[in-house]
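See below for work.txt, which holds compact mmCIF, C-alpha atoms.
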```txt
# COMPACT_ATOMS: atom_id res chain seq x y z
CA MET G 18 87.47 32.15 11.43
CA THR G 19 89.31 35.30 10.52
CA VAL G 20 92.94 35.06 9.58
CA ALA G 21 94.99 38.10 10.35
CA PRO G 22 96.98 39.32 7.38
CA ALA G 23 100.71 38.76 7.62
CA PRO G 24 102.64 41.90 8.43
CA ALA G 25 104.32 43.46 5.45
CA ARG G 26 108.04 43.01 5.32
CA PRO G 27 109.90 46.28 5.60
CA ALA G 28 111.51 47.36 2.37
CA ALA G 29 115.26 47.69 2.29
CA SER G 30 116.46 51.20 2.80
CA PRO G 31 118.27 53.00 -0.04
CA ALA G 32 121.39 53.17 2.14
CA SER G 33 121.50 49.36 2.56
CA ARG G 34 120.98 48.86 -1.18
CA ARG G 35 123.84 51.24 -1.91
CA ARG G 36 126.10 49.38 0.49
CA TRP G 37 125.18 46.10 -1.24
CA HIS G 38 126.01 47.54 -4.65
CA ARG G 39 129.32 48.93 -3.42
CA THR G 40 130.32 45.44 -2.33
CA VAL G 41 128.99 43.32 -5.18
CA VAL G 42 129.90 45.50 -8.17
CA PRO G 43 133.69 45.64 -7.51
CA LEU G 44 133.79 41.91 -6.74
CA GLY G 45 131.81 41.15 -9.88
CA LEU G 46 134.13 43.25 -12.04
CA ALA G 47 137.18 41.55 -10.53
CA ALA G 48 135.69 38.09 -11.16
CA LEU G 49 134.83 39.09 -14.74
CA LEU G 50 138.37 40.33 -15.36
CA ILE G 51 139.92 37.14 -13.98
CA GLY G 52 137.54 34.95 -15.98
CA ALA G 53 138.21 36.86 -19.21
CA THR G 54 141.96 36.57 -18.62
CA VAL G 55 141.76 32.81 -18.12
CA VAL G 56 139.56 32.30 -21.19
CA LEU G 57 141.74 34.45 -23.46
CA HIS G 58 144.85 32.68 -22.22
CA ALA G 59 143.30 29.27 -22.92
CA VAL G 60 142.28 30.38 -26.42
CA ASP G 61 145.74 31.82 -27.15
CA GLN G 62 147.65 28.70 -26.08
CA PRO G 63 148.49 26.28 -28.92
CA ASP G 64 147.11 22.76 -28.71
CA PRO G 65 149.58 20.05 -29.78
CA ASP G 66 146.64 17.74 -30.49
CA GLU G 67 145.34 19.91 -33.34
CA ARG G 68 146.12 19.04 -36.91
CA GLY G 69 148.70 21.42 -38.29
CA PHE G 70 150.46 22.10 -34.98
CA LEU G 71 154.10 22.84 -35.93
CA SER G 72 153.53 21.19 -39.29
CA PRO G 73 156.09 22.14 -41.97
CA VAL G 74 153.22 22.65 -44.45
CA ALA G 75 150.85 24.60 -42.16
CA GLY G 76 150.82 28.36 -42.63
CA ASP G 77 148.63 29.32 -39.66
CA ASP G 78 149.96 30.84 -36.44
CA ASP G 79 150.68 27.49 -34.78
CA GLY G 80 152.24 25.96 -37.89
CA GLY G 81 155.91 25.58 -38.77
CA SER G 82 156.02 26.44 -42.47
CA ARG G 83 158.21 29.51 -41.96
CA LEU G 84 160.78 27.45 -40.06
CA ALA G 85 160.74 24.79 -42.80
CA GLU G 86 161.35 27.46 -45.47
CA GLU G 87 164.22 28.91 -43.45
CA LEU G 88 165.85 25.50 -43.07
CA ARG G 89 165.53 24.76 -46.78
CA ALA G 90 167.05 28.16 -47.56
CA GLN G 91 170.03 27.19 -45.42
CA GLY G 92 170.45 23.98 -47.39
CA VAL G 93 169.19 21.56 -44.73
CA PRO G 94 167.65 18.40 -46.27
CA LEU G 95 164.14 18.17 -44.82
CA ARG G 96 161.94 15.10 -44.97
CA ARG G 97 158.37 15.20 -43.62
CA GLU G 98 156.88 12.00 -42.22
CA THR G 99 153.30 11.62 -41.02
CA ASP G 100 153.72 8.38 -39.03
CA THR G 101 156.30 7.28 -36.50
CA ALA G 102 157.34 4.11 -38.30
CA GLY G 103 158.25 5.99 -41.46
CA ALA G 104 160.11 8.64 -39.48
CA LEU G 105 162.17 5.99 -37.70
CA ARG G 106 163.08 4.29 -40.97
CA ALA G 107 164.19 7.60 -42.47
CA ALA G 108 166.16 8.60 -39.39
CA ARG G 109 167.91 5.23 -39.09
CA ALA G 110 169.22 5.35 -42.64
CA ALA G 111 172.02 7.72 -41.59
CA PRO G 112 172.86 10.03 -38.65
CA SER G 113 170.16 12.68 -38.75
CA THR G 114 168.02 14.99 -36.63
CA LEU G 115 164.57 13.70 -35.71
CA PHE G 116 162.18 16.53 -34.78
CA VAL G 117 159.08 15.53 -32.78
CA PRO G 118 156.95 18.64 -32.10
CA ALA G 119 154.10 16.68 -30.43
CA PRO G 120 155.70 13.74 -28.57
CA ASP G 121 152.48 13.03 -26.64
CA LEU G 122 150.87 11.87 -29.90
CA VAL G 123 153.46 9.11 -30.32
CA HIS G 124 152.20 5.72 -29.18
CA PRO G 125 153.84 4.50 -25.93
CA ASP G 126 155.06 1.31 -27.64
CA THR G 127 156.95 3.38 -30.20
CA LEU G 128 158.51 5.95 -27.87
CA THR G 129 161.49 3.77 -26.91
CA GLY G 130 162.45 3.49 -30.58
CA LEU G 131 163.00 7.25 -30.86
CA THR G 132 166.37 6.99 -29.11
CA ALA G 133 167.49 3.89 -31.07
CA LEU G 134 169.06 5.97 -33.86
CA PRO G 135 172.54 5.77 -35.39
CA PRO G 136 175.37 7.32 -33.33
CA GLY G 137 175.66 11.05 -33.93
CA SER G 138 171.90 11.50 -34.34
CA ARG G 139 169.85 14.08 -32.44
CA LEU G 140 166.29 13.79 -31.12
CA VAL G 141 164.49 17.13 -30.50
CA LEU G 142 161.31 16.99 -28.41
CA VAL G 143 158.97 19.94 -27.74
CA GLU G 144 157.40 20.06 -24.27
CA PRO G 145 157.44 16.32 -23.57
CA SER G 146 155.25 15.23 -20.68
CA ARG G 147 156.28 13.17 -17.67
CA ARG G 148 154.95 10.01 -19.34
CA VAL G 149 157.02 10.57 -22.45
CA LEU G 150 160.17 11.20 -20.44
CA ALA G 151 159.59 8.03 -18.40
CA GLU G 152 159.05 5.92 -21.53
CA LEU G 153 162.26 7.26 -23.09
CA GLY G 154 164.26 6.44 -19.93
CA THR G 155 166.06 9.79 -19.92
CA SER G 156 166.15 10.25 -16.10
CA VAL G 157 164.55 13.66 -16.63
CA GLU G 158 161.48 14.99 -14.84
CA PRO G 159 159.39 18.17 -15.25
CA ALA G 160 160.58 20.77 -12.74
CA GLY G 161 157.91 23.46 -12.97
CA ARG G 162 155.57 25.03 -15.49
CA ARG G 163 154.78 28.69 -16.09
CA TRP G 164 151.39 30.12 -16.94
CA ALA G 165 152.86 31.83 -20.03
CA THR G 166 156.11 31.57 -21.93
CA ARG G 167 158.92 33.94 -20.94
CA ALA G 168 162.02 35.00 -22.85
CA LEU G 169 165.31 34.36 -21.04
CA PRO G 170 169.04 34.46 -21.83
CA PRO G 171 170.81 31.07 -22.02
CA ASP G 172 172.54 31.60 -18.65
CA ALA G 173 169.45 32.95 -16.87
CA ASP G 174 170.05 31.01 -13.65
CA GLY G 175 173.78 31.77 -13.54
CA ALA G 176 174.82 28.36 -14.86
CA GLU G 177 176.97 28.18 -17.98
CA CYS G 178 175.12 27.04 -21.09
CA ARG G 179 177.28 24.56 -23.03
CA LEU G 180 174.98 24.24 -26.03
CA PRO G 181 176.52 26.31 -28.88
CA GLU G 182 173.21 26.75 -30.68
CA ALA G 183 171.64 28.35 -27.61
CA VAL G 184 174.63 30.60 -26.95
CA ARG G 185 174.53 31.91 -30.54
CA ALA G 186 170.77 32.49 -30.38
CA GLY G 187 170.92 34.46 -27.12
CA THR G 188 167.65 35.43 -25.47
CA ALA G 189 164.75 33.25 -26.65
CA ALA G 190 161.18 32.50 -25.56
CA VAL G 191 161.51 28.93 -24.25
CA ASP G 192 160.72 29.28 -20.54
CA HIS G 193 157.33 27.59 -20.34
CA GLN G 194 158.15 24.10 -19.08
CA ARG G 195 161.35 23.44 -17.13
CA TYR G 196 163.12 20.13 -16.64
CA ALA G 197 165.52 18.62 -14.12
CA GLY G 198 167.97 16.04 -15.41
CA PRO G 199 171.21 14.26 -14.54
CA GLU G 200 174.44 16.13 -13.93
CA ARG G 201 175.83 15.19 -17.33
CA ALA G 202 172.97 17.06 -19.05
CA ASP G 203 173.65 20.51 -20.50
CA ARG G 204 171.20 22.98 -18.98
CA CYS G 205 170.23 26.28 -20.65
CA TYR G 206 167.51 28.92 -20.14
CA GLY G 207 167.07 28.01 -16.49
CA GLY G 208 166.24 24.39 -17.33
CA ALA G 209 163.81 25.16 -20.17
CA LEU G 210 166.30 23.66 -22.64
CA LEU G 211 168.09 20.42 -21.78
CA ARG G 212 170.56 18.39 -23.83
CA ILE G 213 171.36 14.85 -22.73
CA PRO G 214 174.52 13.59 -24.46
CA ALA G 215 174.41 9.93 -25.50
CA GLY G 216 174.67 7.82 -28.63
CA THR G 217 171.49 9.59 -29.71
CA GLU G 218 171.61 13.13 -28.36
CA VAL G 219 168.27 14.11 -26.80
CA VAL G 220 167.29 17.80 -26.69
CA LEU G 221 164.22 18.88 -24.71
CA VAL G 222 162.68 22.28 -25.50
CA GLY G 223 160.25 23.68 -22.91
CA ALA G 224 158.12 25.77 -25.30
CA SER G 225 156.86 25.66 -28.88
CA ASP G 226 157.32 29.41 -29.42
CA PRO G 227 160.70 29.28 -31.24
CA PHE G 228 159.23 26.96 -33.90
CA ARG G 229 155.83 28.63 -34.45
CA ASN G 230 155.02 30.93 -37.36
CA ASP G 231 153.70 33.70 -35.11
CA ARG G 232 156.66 33.65 -32.69
CA ILE G 233 159.68 32.78 -34.80
CA ASP G 234 160.65 36.42 -35.38
CA GLU G 235 160.68 37.31 -31.69
CA TRP G 236 163.93 37.54 -29.71
CA GLY G 237 166.38 34.85 -30.85
CA ASN G 238 163.71 32.26 -31.62
CA ARG G 239 164.66 31.88 -35.29
CA ASP G 240 168.35 31.32 -34.57
CA LEU G 241 167.58 28.85 -31.80
CA ALA G 242 165.12 26.81 -33.88
CA THR G 243 167.32 26.64 -36.98
CA GLY G 244 170.37 25.91 -34.82
CA LEU G 245 168.76 22.99 -33.02
CA LEU G 246 167.38 21.45 -36.22
CA GLY G 247 169.96 22.31 -38.86
CA ALA G 248 173.23 23.64 -37.47
CA THR G 249 175.03 20.28 -37.63
CA GLY G 250 174.29 19.79 -41.32
CA ARG G 251 172.56 16.44 -40.70
CA PRO G 252 169.38 15.59 -42.62
CA LEU G 253 166.21 16.60 -40.78
CA VAL G 254 163.30 14.21 -40.37
CA TRP G 255 160.19 16.15 -39.29
CA LEU G 256 157.57 13.93 -37.65
CA ASP G 257 154.21 15.60 -38.43
CA LEU G 258 151.54 13.50 -36.73
CA PRO G 259 147.99 14.60 -37.68
CA ALA G 260 146.45 12.55 -34.83
CA PRO G 261 147.50 10.18 -32.05
CA ASP G 262 149.71 7.48 -33.51
CA PRO G 263 148.09 4.02 -33.67
CA ALA G 264 149.66 1.00 -32.05
CA PRO G 265 152.56 -0.35 -34.13
CA THR G 266 151.75 -3.40 -36.26
CA GLY G 267 155.14 -3.99 -37.85
CA THR G 268 153.83 -3.47 -41.40
CA GLY G 269 152.93 0.21 -41.32
CA ALA G 270 153.68 2.08 -44.50
CA SER G 271 155.33 5.44 -44.61
CA ARG G 272 153.38 8.37 -45.95
CA THR G 273 156.09 10.77 -47.10
CA THR G 274 155.13 13.97 -48.87
CA GLU G 275 156.58 17.40 -49.54
CA THR G 276 153.73 19.06 -51.47
CA GLU G 277 150.72 18.11 -49.38
CA ALA G 278 148.23 20.95 -48.81
CA PRO G 279 148.03 22.45 -45.33
CA PRO G 280 145.81 20.27 -43.13
CA THR G 281 142.46 21.52 -41.99
CA PRO G 282 142.51 22.32 -38.25
CA ARG G 283 140.52 19.66 -36.39
CA ARG G 284 140.50 18.72 -32.74
CA THR G 285 140.68 15.00 -32.06
CA ALA G 286 137.91 13.69 -29.89
CA GLU G 287 139.38 10.38 -28.72
CA ARG G 288 142.83 9.34 -27.57
CA PRO G 289 142.45 5.64 -26.83
CA ASP G 290 146.18 4.92 -26.73
CA ARG G 291 147.28 7.76 -24.46
CA ALA G 292 147.42 7.83 -20.69
CA ASP G 293 148.84 11.23 -19.96
CA PRO G 294 148.62 12.78 -16.52
CA PRO G 295 147.34 16.36 -16.40
CA ARG G 296 149.94 18.55 -18.11
CA ARG G 297 149.14 21.80 -16.32
CA ALA G 298 149.67 20.94 -12.70
CA ASP G 299 151.55 24.06 -11.74
CA ASN G 300 150.54 27.40 -13.29
CA PRO G 301 151.82 30.25 -11.09
CA LEU G 302 149.90 33.35 -12.09
CA TRP G 303 152.53 35.71 -10.73
CA GLY G 304 155.08 34.44 -13.24
CA ALA G 305 152.86 35.03 -16.25
CA PHE G 306 153.40 38.79 -16.40
CA PRO G 307 156.51 40.99 -16.19
CA ALA G 308 157.54 42.78 -13.02
CA TRP G 309 156.34 46.19 -14.24
CA PHE G 310 152.80 44.83 -14.62
CA TRP G 311 152.66 43.80 -10.95
CA ALA G 312 154.18 47.15 -9.92
CA ILE G 313 151.44 49.05 -11.77
CA LEU G 314 148.80 46.70 -10.34
CA ALA G 315 150.08 47.34 -6.80
CA GLN G 316 149.99 51.10 -7.38
CA LEU G 317 146.42 50.89 -8.68
CA ALA G 318 145.41 48.81 -5.66
CA LEU G 319 147.00 51.37 -3.34
CA ALA G 320 145.22 54.20 -5.16
CA GLY G 321 141.93 52.31 -4.86
CA LEU G 322 142.50 51.83 -1.13
CA LEU G 323 143.15 55.54 -0.72
CA VAL G 324 139.93 56.33 -2.57
CA VAL G 325 138.02 53.95 -0.31
CA LEU G 326 139.49 55.59 2.79
CA TRP G 327 138.70 59.04 1.37
CA ARG G 328 135.07 58.14 0.63
CA ALA G 329 134.53 56.13 3.80
CA ARG G 330 132.78 57.43 6.92
CA ARG G 331 135.03 59.60 9.06
CA LEU G 332 135.15 58.93 12.79
CA GLY G 333 136.55 61.38 15.31
CA PRO G 334 135.88 64.80 16.84
CA PRO G 335 133.84 67.37 14.92
CA VAL G 336 135.88 69.55 12.57
CA THR G 337 135.25 73.00 11.20
CA GLU G 338 134.16 72.96 7.58
CA PRO G 339 132.77 75.67 5.31
CA LEU G 340 129.02 75.46 5.00
CA PRO G 341 127.79 74.84 1.46
CA VAL G 342 124.67 76.96 2.06
CA THR G 343 123.67 79.83 4.33
CA VAL G 344 122.30 78.54 7.64
CA ARG G 345 120.71 80.64 10.34
CA ALA G 346 122.84 81.19 13.41
CA ALA G 347 120.19 79.74 15.70
CA GLU G 348 120.06 76.52 13.65
CA THR G 349 123.84 76.24 13.72
CA VAL G 350 123.91 76.73 17.50
CA ARG G 351 121.23 74.11 18.03
CA GLY G 352 122.91 71.68 15.72
CA ARG G 353 126.29 72.01 17.39
CA ALA G 354 124.64 71.82 20.81
CA ARG G 355 122.99 68.53 19.90
CA LEU G 356 126.32 67.13 18.72
CA TYR G 357 128.06 68.22 21.91
CA ARG G 358 125.25 66.79 24.03
CA ARG G 359 125.33 63.47 22.19
CA ALA G 360 129.11 63.25 22.72
CA GLY G 361 128.90 64.39 26.36
CA ALA G 362 131.53 67.06 25.65
CA ARG G 363 130.71 69.43 28.55
CA ASP G 364 134.35 70.44 28.91
CA THR G 365 134.52 71.53 25.25
CA VAL G 366 131.25 73.50 25.57
CA ALA G 367 132.42 75.23 28.77
CA ALA G 368 135.75 76.17 27.20
CA THR G 369 133.95 77.57 24.14
CA LEU G 370 131.56 79.67 26.26
CA ARG G 371 134.42 81.03 28.43
CA ALA G 372 136.54 81.90 25.41
CA ALA G 373 133.61 83.77 23.83
CA ALA G 374 132.96 85.68 27.08
CA ARG G 375 136.65 86.56 27.41
CA ASP G 376 136.77 87.78 23.78
CA ARG G 377 133.84 90.16 24.47
CA VAL G 378 135.06 91.37 27.86
CA LEU G 379 138.73 92.11 27.16
CA PRO G 380 138.13 94.87 24.56
CA ARG G 381 135.70 96.61 26.92
CA LEU G 382 138.37 96.71 29.63
CA ASN G 383 141.14 97.73 27.20
CA LEU G 384 143.11 94.59 28.00
CA PRO G 385 145.31 92.72 25.50
CA PRO G 386 144.47 89.07 24.63
CA ASP G 387 147.48 87.71 26.56
CA THR G 388 146.47 89.26 29.89
CA PRO G 389 146.98 86.82 32.82
CA ASP G 390 143.88 85.15 34.20
CA ASP G 391 144.23 86.68 37.69
CA GLU G 392 144.42 90.21 36.33
CA VAL G 393 141.41 89.62 34.07
CA ALA G 394 139.37 88.35 37.05
CA ALA G 395 140.41 91.33 39.17
CA ARG G 396 139.53 93.91 36.50
CA VAL G 397 136.17 92.24 35.75
CA ALA G 398 135.29 92.08 39.46
CA ALA G 399 136.20 95.77 39.90
CA ALA G 400 134.07 96.75 36.90
CA THR G 401 131.02 94.73 37.94
CA GLY G 402 131.33 94.96 41.74
CA ASP G 403 131.19 91.14 41.94
CA ASP G 404 133.39 88.84 44.02
CA GLN G 405 136.79 88.21 42.39
CA GLU G 406 136.88 84.50 43.25
CA ARG G 407 133.44 83.99 41.73
CA VAL G 408 134.47 85.82 38.57
CA ALA G 409 137.68 83.73 38.36
CA GLY G 410 135.61 80.56 38.71
CA LEU G 411 133.30 81.66 35.91
CA LEU G 412 136.07 82.60 33.49
CA HIS G 413 138.76 80.03 34.35
CA GLY G 414 137.18 77.39 36.60
CA PRO G 415 136.95 73.62 36.16
CA ALA G 416 134.62 71.92 33.69
CA PRO G 417 131.03 71.27 34.83
CA ASP G 418 130.19 67.81 36.09
CA ASP G 419 126.68 67.61 34.65
CA ASP G 420 124.28 69.42 32.35
CA ARG G 421 122.76 71.43 35.20
CA GLU G 422 126.11 72.98 36.14
CA LEU G 423 126.82 73.66 32.46
CA LEU G 424 123.48 75.50 32.11
CA GLU G 425 124.20 77.59 35.24
CA LEU G 426 127.65 78.47 33.86
CA ALA G 427 126.16 79.57 30.54
CA ARG G 428 123.61 81.84 32.27
CA ALA G 429 126.23 83.36 34.57
CA LEU G 430 128.61 84.11 31.69
CA ASP G 431 125.75 85.63 29.68
CA THR G 432 124.87 87.91 32.59
CA LEU G 433 128.53 88.88 33.04
CA THR G 434 129.07 89.77 29.39
CA ARG G 435 125.79 91.72 29.17
CA THR G 436 126.87 93.78 32.19
CA LEU G 437 130.29 94.73 30.74
CA ALA G 438 129.47 94.57 27.01
CA PRO G 439 125.75 95.01 26.43
CA PRO G 440 124.49 94.09 22.97
CA PRO G 441 124.26 97.04 20.56
CA SER G 442 120.86 98.60 20.09
CA GLU G 443 119.16 98.63 16.68
CA GLY G 444 121.01 100.94 14.26
CA GLU G 445 124.35 100.93 16.11
CA PRO G 446 127.38 99.24 14.55
CA ARG G 447 128.36 95.89 16.05
```
Final structure tokens representation of the file:
Amino acid sequence: MTVAPAPARPAASPASRRRWHRTVVPLGLAALLIGATVVLHAVDQPDPDERGFLSPVAGDDDGGSRLAEELRAQGVPLRRETDTAGALRAARAAPSTLFVPAPDLVHPDTLTGLTALPPGSRLVLVEPSRRVLAELGTSVEPAGRRWATRALPPDADGAECRLPEAVRAGTAAVDHQRYAGPERADRCYGGALLRIPAGTEVVLVGASDPFRNDRIDEWGNRDLATGLLGATGRPLVWLDLPAPDPAPTGTGASRTTETEAPPTPRRTAERPDRADPPRRADNPLWGAFPAWFWAILAQLALAGLLVVLWRARRLGPPVTEPLPVTVRAAETVRGRARLYRRAGARDTVAATLRAAARDRVLPRLNLPPDTPDDEVAARVAAATGDDQERVAGLLHGPAPDDDRELLELARALDTLTRTLAPPPSEGEPR
């Protein structure tokens, strides 16, 4: 039994491969750009779970050693505590400011104690999550999160900012997480900074940028951070948690230190006592960049669209273009004839033949180009002895209905022009 060989599959044409490349390459570059942007943004964002995040003894970019030095230079008593129980004991000794840069690391059973401070105390929280706000009972909820932090003036949304520290600082980079609170709350920076007056004043800051070493010198970040933590002259208790706080036992000892070496960055692997919902539920990409970036991007997209339209296939009637090389007249005639025949443009061909015949006949009869059609037909008929109506039909008649009539018209016009304007013999000027 003989098995016939399977027919070979036709290879893809170069044109189809080029079309495939033109589609895949731009999409691949766009996907690569978006992926690189997301990865770089994730790497650049500080992680509150890392050791050394906003620590007063950490000198890296995400640390807070520069802020601690500035506060000490202003005469603010600063006490660093590395567990929540010790921080609460220090803060309850007298009205003070308790700074919690990573509130999500505080154990849920200890959160309620953060507001049980002596009257006149202040609690400053950096980017607290929905769980933290619910445990504190502040009647505040997250109201929107940006993809990247933005600098805003205190009255960015048109509402008056009643927090003196924010007014003195002016524009600051705090617009990362916004909050919505009760009417009695003082709202600044479009909701990125909220103060809730009570026995223990609670201040919510929507970004860590004003407190970080690598951002403290930008805008009014330094003035805002030092104002929130040290403007009132109260002692400052800085809660520097190196890891998620364990469940309270009632006998925890305080580990207070001022000369401890900067901690080694380490990412915690387990968080058994935390039940946070996802913190990045709303990340609008369009709010991550300034308006001029999107304007330039729109202009580049428009320019790219124009390039695509310029390089795309043109549809429409044939147009006259300069030939890049010398082509024989016969080849040009045949090429144009094939195009006209493919398009069925008998009216255009007839008009072209009649115009060419008229251009050759008028100089022989000493007639100007704007001579009326009737006079041209009469002069041509008198010169050739032909019937005037037939001549008028040849020069100015209707378009042919089919290819046979078009061929007859071409032959008749050729005969007419050869009679009045014979082609020059060899050696005579044209």
Residues within 10 Å of range 193-201 of chain G, only C-alpha atoms, excluding chain neighbours under 3 positions, as a count of residues only: 43
Residue nearest Ala367 in chain G - candidates G:Gly154, G:Gly410, G:Pro94, G:Gly45, atoms counted: only C-alpha atoms: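 Closest to Ala367 in chain G of all the choices is G:Gly410.
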Residues within 8 Å of Ala368 in chain G, all atoms listed in the file, excluding chain neighbours under 4 positions, as number ranges by chain: G: 364, 372, 416
Gap from CA of Gly321 in chain G to CA of Pro334 in chain G - Å, one decimal: 25.8 Å
Residue nearest Pro252 in chain G among G:Ala394, G:Ala399, G:Ser113, G:Leu412 (counting only C-alpha atoms):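 Closest to Pro252 in chain G of all the choices is G:Ser113.
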Between CA of Arg109 in chain G and CA of Leu71 in chain G, distance in Å (one decimal):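 CA of Arg109 in chain G sits 22.6 Å away from CA of Leu71 in chain G.
Here CA of Arg377 in chain G and CA of Pro417 in chain G stand 21.7 Å from one another.
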Closest of G:Pro170, G:Gln316, G:His124, G:Leu115 to Thr217 in chain G - atom-to-atom distances counting all atoms listed in the file: G:Leu115
Residues within 10 Å of Ala119 in chain G, all atoms listed in the file, excluding chain neighbours under 4 positions, as a ChimeraX atom specification: /G:64-67,70-72,123,142-146,225,256-261
Could you save the residues just selected, with C-alpha atoms, as a CSV table (one decimal), keeping the file's coordinate frame?
```csv
chain,number,residue,atom,x,y,z
G,64,ASP,CA,147.1,22.8,-28.7
G,65,PRO,CA,149.6,20.0,-29.8
G,66,ASP,CA,146.6,17.7,-30.5
G,67,GLU,CA,145.3,19.9,-33.3
G,70,PHE,CA,150.5,22.1,-35.0
G,71,LEU,CA,154.1,22.8,-35.9
G,72,SER,CA,153.5,21.2,-39.3
G,123,VAL,CA,153.5,9.1,-30.3
G,142,LEU,CA,161.3,17.0,-28.4
G,143,VAL,CA,159.0,19.9,-27.7
G,144,GLU,CA,157.4,20.1,-24.3
G,145,PRO,CA,157.4,16.3,-23.6
G,146,SER,CA,155.2,15.2,-20.7
G,225,SER,CA,156.9,25.7,-28.9
G,256,LEU,CA,157.6,13.9,-37.6
G,257,ASP,CA,154.2,15.6,-38.4
G,258,LEU,CA,151.5,13.5,-36.7
G,259,PRO,CA,148.0,14.6,-37.7
G,260,ALA,CA,146.4,12.6,-34.8
G,261,PRO,CA,147.5,10.2,-32.0
```
Surrounding residues of Thr101 in chain G excluding itself and chain neighbours under 6 positions, 12 Å, all atoms listed in the file, as a PyMOL selection string: chain G and resi 107-108+115-117+119-120+122-131+254-267+269-273
Please, can range 176-193 of chain G be completed to N, CA and C atoms and returned as an mmCIF file, in the coordinates of the input?
```cif
data_model
loop_
_atom_site.group_PDB
_atom_site.id
_atom_site.type_symbol
_atom_site.label_atom_id
_atom_site.label_comp_id
_atom_site.auth_asym_id
_atom_site.auth_seq_id
_atom_site.Cartn_x
_atom_site.Cartn_y
_atom_site.Cartn_z
ATOM 1 N N ALA G 176 174.051 29.523 -14.419
ATOM 2 C CA ALA G 176 174.820 28.360 -14.860
ATOM 3 C C ALA G 176 175.251 28.544 -16.315
ATOM 4 N N GLU G 177 176.440 28.053 -16.622
ATOM 5 C CA GLU G 177 176.970 28.180 -17.980
ATOM 6 C C GLU G 177 176.206 27.271 -18.927
ATOM 7 N N CYS G 178 175.795 27.823 -20.063
ATOM 8 C CA CYS G 178 175.120 27.040 -21.090
ATOM 9 C C CYS G 178 176.175 26.514 -22.055
ATOM 10 N N ARG G 179 176.243 25.184 -22.192
ATOM 11 C CA ARG G 179 177.280 24.560 -23.030
ATOM 12 C C ARG G 179 176.732 24.092 -24.374
ATOM 13 N N LEU G 180 175.578 24.574 -24.737
ATOM 14 C CA LEU G 180 174.980 24.240 -26.030
ATOM 15 C C LEU G 180 175.268 25.386 -27.002
ATOM 16 N N PRO G 181 176.133 25.191 -28.001
ATOM 17 C CA PRO G 181 176.520 26.310 -28.880
ATOM 18 C C PRO G 181 175.348 26.966 -29.585
ATOM 19 N N GLU G 182 174.344 26.171 -29.977
ATOM 20 C CA GLU G 182 173.210 26.750 -30.680
ATOM 21 C C GLU G 182 172.456 27.742 -29.794
ATOM 22 N N ALA G 183 172.328 27.448 -28.518
ATOM 23 C CA ALA G 183 171.640 28.350 -27.610
ATOM 24 C C ALA G 183 172.476 29.597 -27.334
ATOM 25 N N VAL G 184 173.765 29.438 -27.211
ATOM 26 C CA VAL G 184 174.630 30.600 -26.950
ATOM 27 C C VAL G 184 174.576 31.559 -28.131
ATOM 28 N N ARG G 185 174.596 31.036 -29.357
ATOM 29 C CA ARG G 185 174.530 31.910 -30.540
ATOM 30 C C ARG G 185 173.168 32.589 -30.645
ATOM 31 N N ALA G 186 172.113 31.906 -30.265
ATOM 32 C CA ALA G 186 170.770 32.490 -30.380
ATOM 33 C C ALA G 186 170.545 33.585 -29.342
ATOM 34 N N GLY G 187 171.126 33.453 -28.167
ATOM 35 C CA GLY G 187 170.920 34.460 -27.120
ATOM 36 C C GLY G 187 169.538 34.304 -26.501
ATOM 37 N N THR G 188 168.952 35.440 -26.142
ATOM 38 C CA THR G 188 167.650 35.430 -25.470
ATOM 39 C C THR G 188 166.580 34.848 -26.395
ATOM 40 N N ALA G 189 165.802 33.901 -25.868
ATOM 41 C CA ALA G 189 164.750 33.250 -26.650
ATOM 42 C C ALA G 189 163.583 32.919 -25.725
ATOM 43 N N ALA G 190 162.404 32.768 -26.323
ATOM 44 C CA ALA G 190 161.180 32.500 -25.560
ATOM 45 C C ALA G 190 160.986 30.995 -25.449
ATOM 46 N N VAL G 191 161.615 30.377 -24.459
ATOM 47 C CA VAL G 191 161.510 28.930 -24.250
ATOM 48 C C VAL G 191 161.092 28.576 -22.834
ATOM 49 N N ASP G 192 160.985 29.564 -21.957
ATOM 50 C CA ASP G 192 160.720 29.280 -20.540
ATOM 51 C C ASP G 192 159.225 29.119 -20.304
ATOM 52 N N HIS G 193 158.720 27.949 -20.643
ATOM 53 C CA HIS G 193 157.330 27.590 -20.340
ATOM 54 C C HIS G 193 157.291 26.355 -19.447
#
```
